[in-house]
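A short worksheet on the structure shown next.
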Amino acid sequence: MDVFDREMSRETIFKDRNVLSPHYLPDHLPHREAEIERIMKILAPSLKGKKPNNIFIYGKTGTGKTATVKHVIDKLIQAKEKYNANVGSVYINCRTHNRKYQILLKIAEILYPDENFMGFASTHLYDRIMDYIQNTGVIYVVVLDEVDQVKDVDDLLYMLTRANDHLQQGHIAIIGISNNVTFMDKLDPRSKSTLMQEEMVFPPYNAVQLKSILSERVAQAFKPGMCKDSALELAAAYAAQESGDARYALKLILRAGDIADEKGEPVSDIHVKQARSAVEEDIVLDLISTLPEHPAIVLYAIASLIREGGKYPTLGGESGEKFLFSGEVYEKYEKVCREWARKPRSARWYREYLKELEMMGLITLTMSGKGIRGNTQLIKLAFSPDKVLSAIEKKFE
DNA sequence: CCTCCACAGGAAGCGCAGGAGT
DNA sequence: ACTCCTGCGCTTCCTGTGGAGG
């Protein structure tokens with residue numbers, strides 16, 4: 001009996017592990033009923049051949065934006081069959097298709113599945129797309145997930161929305177999804193007003209909501225009684241702390257499930273706690289791997305200063321939390337740069353790196369208030385310095 | 001109260017790379 | 001093949017801000 005045989009014959013606590021994967025689309029989305037209804041209402045005119053409004057959806061990661069939209073699109077396609085309506089749709093993830101050209105190409109490829117558009121100019125793609133819509137009179141819903149990733153958004157939106165003015169029949173409707181608040185400010189006012197005919201904000205889930213989301217999935221993923229209620233509750237509580245991220249909650253339970261499965265035990269609190277540390281490590285590693293060189297060095301400077309205690313250790317003394325001063329970190333950053341034979345960036349740009357690191361959730365920034373001279377940012381590391389340091393050292397070999 | 005500190009963050013501009021237009 | 005244009009990453013310069021210190 002070899003390893004394969006033993007693994008195959010082993011009893012597992014999972015019924016369907018796949019249900020917990022980040023790509024799994026559940027049939028039922030708890031606590032998003034109102035959002036689903038609103039989007040359906042907005043899209044409903046398309047079934048009668050009328051143009052629906054464009055929608056812009058904003059919400060933090062793990063608030064169910066993508067799942068909700070995909071769910072509604074599924075329903076729209078079902079309704080299309082039922083009422084024999086002339087509607088179509090594409091879902092495009094702009095992280096992988098982050099330029100106007102790639103998006104037009106993707107649309108063209110779907111509209112003309114038998115043709116090869118490689119190497120065609122984007123104006124040609126545009127014309128062909130317009131031809132299709134004009135000739136068929138279809139109402140075409142384009143979902144742009146993570147729109148903020150598109151380099152030439154203004155161009156793209158202008159092109160797609162202005163197209164509608166030239167169409168005698170048919171229409172392009174846009175659903176934009178983003179988790180970046182500042183994205184709206186960077187938009188051209190014209191594209192802003194067209195994209196945001198309807199604006200929706202998806203709030204983060206609270207602990208109670210996360211619990212009910214988890215329990216639905218857990219019931220499908222594990223065999224009966226193989227995931228304790230307390231474990232589920234703990235995972236929900238951890239995720240609620242992490243800004244209500246349902247994806248994080250699912251990751252936790254999946255990881256905890258794997259740990260428990262290995263031992264052949266039902267999932268309990270201990271496994272969730274272990275999973276948390278493991279998932280956190282994954283996240284740190286993942287974030288740092290995509291980090292450009294200089295932000296990584298800045299982060300390294302922060303982590304090593306935290307470990308050394310910093311120039312002004314535990315100032316303020318609030319629960320012993322260690323804060324660093326912006327200037328102090330910049331000096332350290334310059335020093336590390338010299339040691340690693342890199343030319344340090346200017347202090348101005350260093351501040352941009354700090355903001356970037358904050359947006360990624362690697363550090364937290366607080367403006368200095370009472371008790372501190374001058375007006376400066378106080379920097380706190382979101383993860384353990386040792387994990388961060390080793391991850392960055394690994395990155396630089 | 002004024003001044004100084006220790007920065008924050010806006011504006012302008014620069015060199016470069018890669019596409020679009022011709 | 002060539003110019004032109006545009007976005008990106010960055011520097012330089014500058015004005016603004018909130019509290020400390022005298």
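We name chains A, B, ... following the order of the structure tokens; residues begin at 1 in each chain, and ligands are numbered from 1 as shown.
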Could you list, as a short mmCIF file (atom, residue, chain, number, x, y, z; two decimals) with N, CA, C and O atoms, in the first residue's frame, every residue of chain A that has an atom within 10 Å of an atom of chain B, counting only C-alpha atoms (C1' of nucleotides)?
data_model
loop_
_atom_site.label_atom_id
_atom_site.label_comp_id
_atom_site.auth_asym_id
_atom_site.auth_seq_id
_atom_site.Cartn_x
_atom_site.Cartn_y
_atom_site.Cartn_z
N ALA A 121 -6.01 46.86 -35.47
CA ALA A 121 -5.99 48.13 -34.73
C ALA A 121 -7.26 48.26 -33.90
O ALA A 121 -8.31 47.71 -34.25
N PHE A 325 8.47 57.12 13.28
CA PHE A 325 8.30 58.42 12.65
C PHE A 325 8.72 58.35 11.19
O PHE A 325 9.67 57.65 10.86
N SER A 326 8.01 59.09 10.38
CA SER A 326 8.28 59.09 8.95
C SER A 326 9.75 59.42 8.65
O SER A 326 10.39 58.74 7.85
N GLY A 327 10.26 60.46 9.29
CA GLY A 327 11.63 60.89 9.02
C GLY A 327 12.65 59.84 9.42
O GLY A 327 13.61 59.58 8.70
N ARG A 348 10.06 62.87 -1.25
CA ARG A 348 8.70 63.06 -1.75
C ARG A 348 8.12 61.75 -2.25
O ARG A 348 6.97 61.41 -1.99
N ARG A 351 7.20 59.18 0.34
CA ARG A 351 5.87 59.35 0.95
C ARG A 351 4.80 58.65 0.12
O ARG A 351 3.84 58.13 0.67
N GLU A 352 4.99 58.66 -1.21
CA GLU A 352 4.05 57.93 -2.06
C GLU A 352 4.14 56.42 -1.79
O GLU A 352 3.13 55.73 -1.78
N MET A 367 -1.77 60.27 11.50
CA MET A 367 -1.16 61.59 11.65
C MET A 367 -0.81 61.83 13.11
O MET A 367 -1.60 61.49 13.99
N ILE A 372 3.43 65.22 20.14
CA ILE A 372 4.53 65.07 19.18
C ILE A 372 4.77 66.38 18.45
O ILE A 372 3.84 67.03 17.96
N ARG A 373 6.01 66.72 18.38
CA ARG A 373 6.40 67.96 17.73
C ARG A 373 6.27 67.82 16.22
O ARG A 373 6.62 66.78 15.66
N GLY A 374 5.77 68.82 15.57
CA GLY A 374 5.66 68.80 14.12
C GLY A 374 4.45 68.01 13.64
O GLY A 374 3.68 67.48 14.43
N ASN A 375 4.32 67.93 12.34
CA ASN A 375 3.17 67.30 11.71
C ASN A 375 3.68 66.13 10.87
O ASN A 375 4.18 66.32 9.78
N THR A 376 3.56 64.95 11.39
CA THR A 376 4.20 63.82 10.71
C THR A 376 3.33 62.56 10.79
O THR A 376 2.40 62.50 11.59
N GLN A 377 3.65 61.61 9.97
CA GLN A 377 2.91 60.34 9.97
C GLN A 377 3.57 59.38 10.95
O GLN A 377 4.78 59.25 10.98
#
Name all residues at most 8 Å from region 93-105 of chain A (count only C-alpha atoms (C1' of nucleotides); drop same-chain ones fewer than 6 positions away) and give them as a ChimeraX atom specification. /A:117,122,125-126,144-153,155-156
Run DSSP on the backbone and grab whatever in region 232-392 of chain A lands in strand (DSSP E or B); send it over as a list of chain:residue names.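 Answer for region 232-392 of chain A restricted to strand (DSSP E or B) is A:Val267, A:Leu324, A:Phe325, A:Ile363, A:Thr364, A:Leu365, A:Thr366, A:Met367, A:Gln377, A:Leu378, A:Ile379, A:Lys380, A:Leu381.
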Residues of chain C no more than 7 Å from chain A, counting only C-alpha atoms (C1' of nucleotides): send them over as an MDAnalysis selection string. chainID C and resid 11 17:20
Atoms kept (all heavy atoms) for selection, written as an mmCIF file, in the first residue's frame:
data_model
loop_
_atom_site.group_PDB
_atom_site.id
_atom_site.type_symbol
_atom_site.label_atom_id
_atom_site.label_comp_id
_atom_site.auth_asym_id
_atom_site.auth_seq_id
_atom_site.Cartn_x
_atom_site.Cartn_y
_atom_site.Cartn_z
ATOM 1 P P DT C 11 13.441 60.171 -7.164
ATOM 2 O OP1 DT C 11 14.779 59.723 -6.736
ATOM 3 O OP2 DT C 11 12.312 60.170 -6.213
ATOM 4 O "O5'" DT C 11 13.584 61.617 -7.795
ATOM 5 C "C5'" DT C 11 14.488 61.854 -8.879
ATOM 6 C "C4'" DT C 11 14.560 63.348 -9.192
ATOM 7 O "O4'" DT C 11 13.263 63.792 -9.670
ATOM 8 C "C3'" DT C 11 14.890 64.226 -7.983
ATOM 9 O "O3'" DT C 11 15.849 65.206 -8.357
ATOM 10 C "C2'" DT C 11 13.558 64.848 -7.611
ATOM 11 C "C1'" DT C 11 12.823 64.905 -8.931
ATOM 12 N N1 DT C 11 11.345 64.786 -8.778
ATOM 13 C C2 DT C 11 10.533 65.787 -9.281
ATOM 14 O O2 DT C 11 10.958 66.776 -9.838
ATOM 15 N N3 DT C 11 9.196 65.582 -9.103
ATOM 16 C C4 DT C 11 8.581 64.506 -8.492
ATOM 17 O O4 DT C 11 7.364 64.424 -8.390
ATOM 18 C C5 DT C 11 9.495 63.499 -7.973
ATOM 19 C C7 DT C 11 8.934 62.293 -7.264
ATOM 20 C C6 DT C 11 10.806 63.685 -8.141
ATOM 21 P P DT C 17 -3.516 74.828 5.265
ATOM 22 O OP1 DT C 17 -4.813 74.257 4.857
ATOM 23 O OP2 DT C 17 -3.400 76.234 5.674
ATOM 24 O "O5'" DT C 17 -2.915 73.914 6.437
ATOM 25 C "C5'" DT C 17 -2.666 72.532 6.198
ATOM 26 C "C4'" DT C 17 -2.165 71.884 7.481
ATOM 27 O "O4'" DT C 17 -0.719 71.967 7.538
ATOM 28 C "C3'" DT C 17 -2.677 72.518 8.773
ATOM 29 O "O3'" DT C 17 -2.997 71.487 9.684
ATOM 30 C "C2'" DT C 17 -1.489 73.332 9.265
ATOM 31 C "C1'" DT C 17 -0.337 72.436 8.817
ATOM 32 N N1 DT C 17 0.989 73.090 8.658
ATOM 33 C C2 DT C 17 2.123 72.395 9.019
ATOM 34 O O2 DT C 17 2.095 71.275 9.472
ATOM 35 N N3 DT C 17 3.301 73.071 8.828
ATOM 36 C C4 DT C 17 3.451 74.353 8.316
ATOM 37 O O4 DT C 17 4.561 74.855 8.183
ATOM 38 C C5 DT C 17 2.224 75.025 7.962
ATOM 39 C C7 DT C 17 2.266 76.400 7.408
ATOM 40 C C6 DT C 17 1.057 74.365 8.139
ATOM 41 P P DG C 18 -4.322 71.602 10.559
ATOM 42 O OP1 DG C 18 -5.292 70.622 10.079
ATOM 43 O OP2 DG C 18 -4.673 73.034 10.693
ATOM 44 O "O5'" DG C 18 -3.774 71.105 11.962
ATOM 45 C "C5'" DG C 18 -3.203 69.809 12.079
ATOM 46 C "C4'" DG C 18 -2.184 69.842 13.202
ATOM 47 O "O4'" DG C 18 -1.011 70.535 12.746
ATOM 48 C "C3'" DG C 18 -2.678 70.585 14.441
ATOM 49 O "O3'" DG C 18 -2.494 69.737 15.550
ATOM 50 C "C2'" DG C 18 -1.800 71.833 14.516
ATOM 51 C "C1'" DG C 18 -0.544 71.371 13.784
ATOM 52 N N9 DG C 18 0.239 72.436 13.147
ATOM 53 C C8 DG C 18 -0.232 73.581 12.559
ATOM 54 N N7 DG C 18 0.726 74.335 12.066
ATOM 55 C C5 DG C 18 1.892 73.629 12.345
ATOM 56 C C6 DG C 18 3.247 73.956 12.053
ATOM 57 O O6 DG C 18 3.685 74.941 11.463
ATOM 58 N N1 DG C 18 4.119 72.977 12.520
ATOM 59 C C2 DG C 18 3.725 71.837 13.177
ATOM 60 N N2 DG C 18 4.686 71.011 13.549
ATOM 61 N N3 DG C 18 2.471 71.526 13.454
ATOM 62 C C4 DG C 18 1.608 72.472 13.012
ATOM 63 P P DG C 19 -3.085 70.000 16.946
ATOM 64 O OP1 DG C 19 -3.803 68.798 17.393
ATOM 65 O OP2 DG C 19 -3.776 71.306 16.908
ATOM 66 O "O5'" DG C 19 -1.768 70.162 17.818
ATOM 67 C "C5'" DG C 19 -0.980 69.008 18.052
ATOM 68 C "C4'" DG C 19 0.451 69.426 18.263
ATOM 69 O "O4'" DG C 19 0.830 70.385 17.246
ATOM 70 C "C3'" DG C 19 0.717 70.117 19.611
ATOM 71 O "O3'" DG C 19 1.776 69.443 20.255
ATOM 72 C "C2'" DG C 19 1.063 71.550 19.241
ATOM 73 C "C1'" DG C 19 1.653 71.361 17.849
ATOM 74 N N9 DG C 19 1.612 72.570 17.028
ATOM 75 C C8 DG C 19 0.505 73.290 16.644
ATOM 76 N N7 DG C 19 0.793 74.333 15.915
ATOM 77 C C5 DG C 19 2.181 74.306 15.823
ATOM 78 C C6 DG C 19 3.064 75.191 15.159
ATOM 79 O O6 DG C 19 2.788 76.189 14.497
ATOM 80 N N1 DG C 19 4.397 74.804 15.309
ATOM 81 C C2 DG C 19 4.809 73.716 16.010
ATOM 82 N N2 DG C 19 6.107 73.498 16.056
ATOM 83 N N3 DG C 19 4.003 72.873 16.635
ATOM 84 C C4 DG C 19 2.695 73.231 16.499
ATOM 85 P P DA C 20 2.099 69.684 21.762
ATOM 86 O OP1 DA C 20 2.135 68.388 22.448
ATOM 87 O OP2 DA C 20 1.272 70.775 22.285
ATOM 88 O "O5'" DA C 20 3.608 70.195 21.653
ATOM 89 C "C5'" DA C 20 4.557 69.431 20.920
ATOM 90 C "C4'" DA C 20 5.912 70.119 20.923
ATOM 91 O "O4'" DA C 20 5.877 71.262 20.024
ATOM 92 C "C3'" DA C 20 6.384 70.645 22.274
ATOM 93 O "O3'" DA C 20 7.783 70.397 22.402
ATOM 94 C "C2'" DA C 20 6.055 72.131 22.228
ATOM 95 C "C1'" DA C 20 6.050 72.465 20.738
ATOM 96 N N9 DA C 20 4.957 73.350 20.326
ATOM 97 C C8 DA C 20 3.616 73.199 20.613
ATOM 98 N N7 DA C 20 2.857 74.137 20.085
ATOM 99 C C5 DA C 20 3.755 74.953 19.402
ATOM 100 C C6 DA C 20 3.576 76.103 18.654
ATOM 101 N N6 DA C 20 2.381 76.677 18.416
ATOM 102 N N1 DA C 20 4.680 76.680 18.115
ATOM 103 C C2 DA C 20 5.852 76.122 18.328
ATOM 104 N N3 DA C 20 6.155 75.017 19.026
ATOM 105 C C4 DA C 20 5.051 74.476 19.546
#
Please indicate the distance in Å from CA of Asp154 (chain A) to C1' of DC8 (chain C), rounded to one decimal place.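 Between these atoms lies a distance of 16.4 Å.
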What does the distance between CA of Arg32 (chain A) and CA of Ile57 (chain A) come to in Å, to one decimal place? 13.1 Å
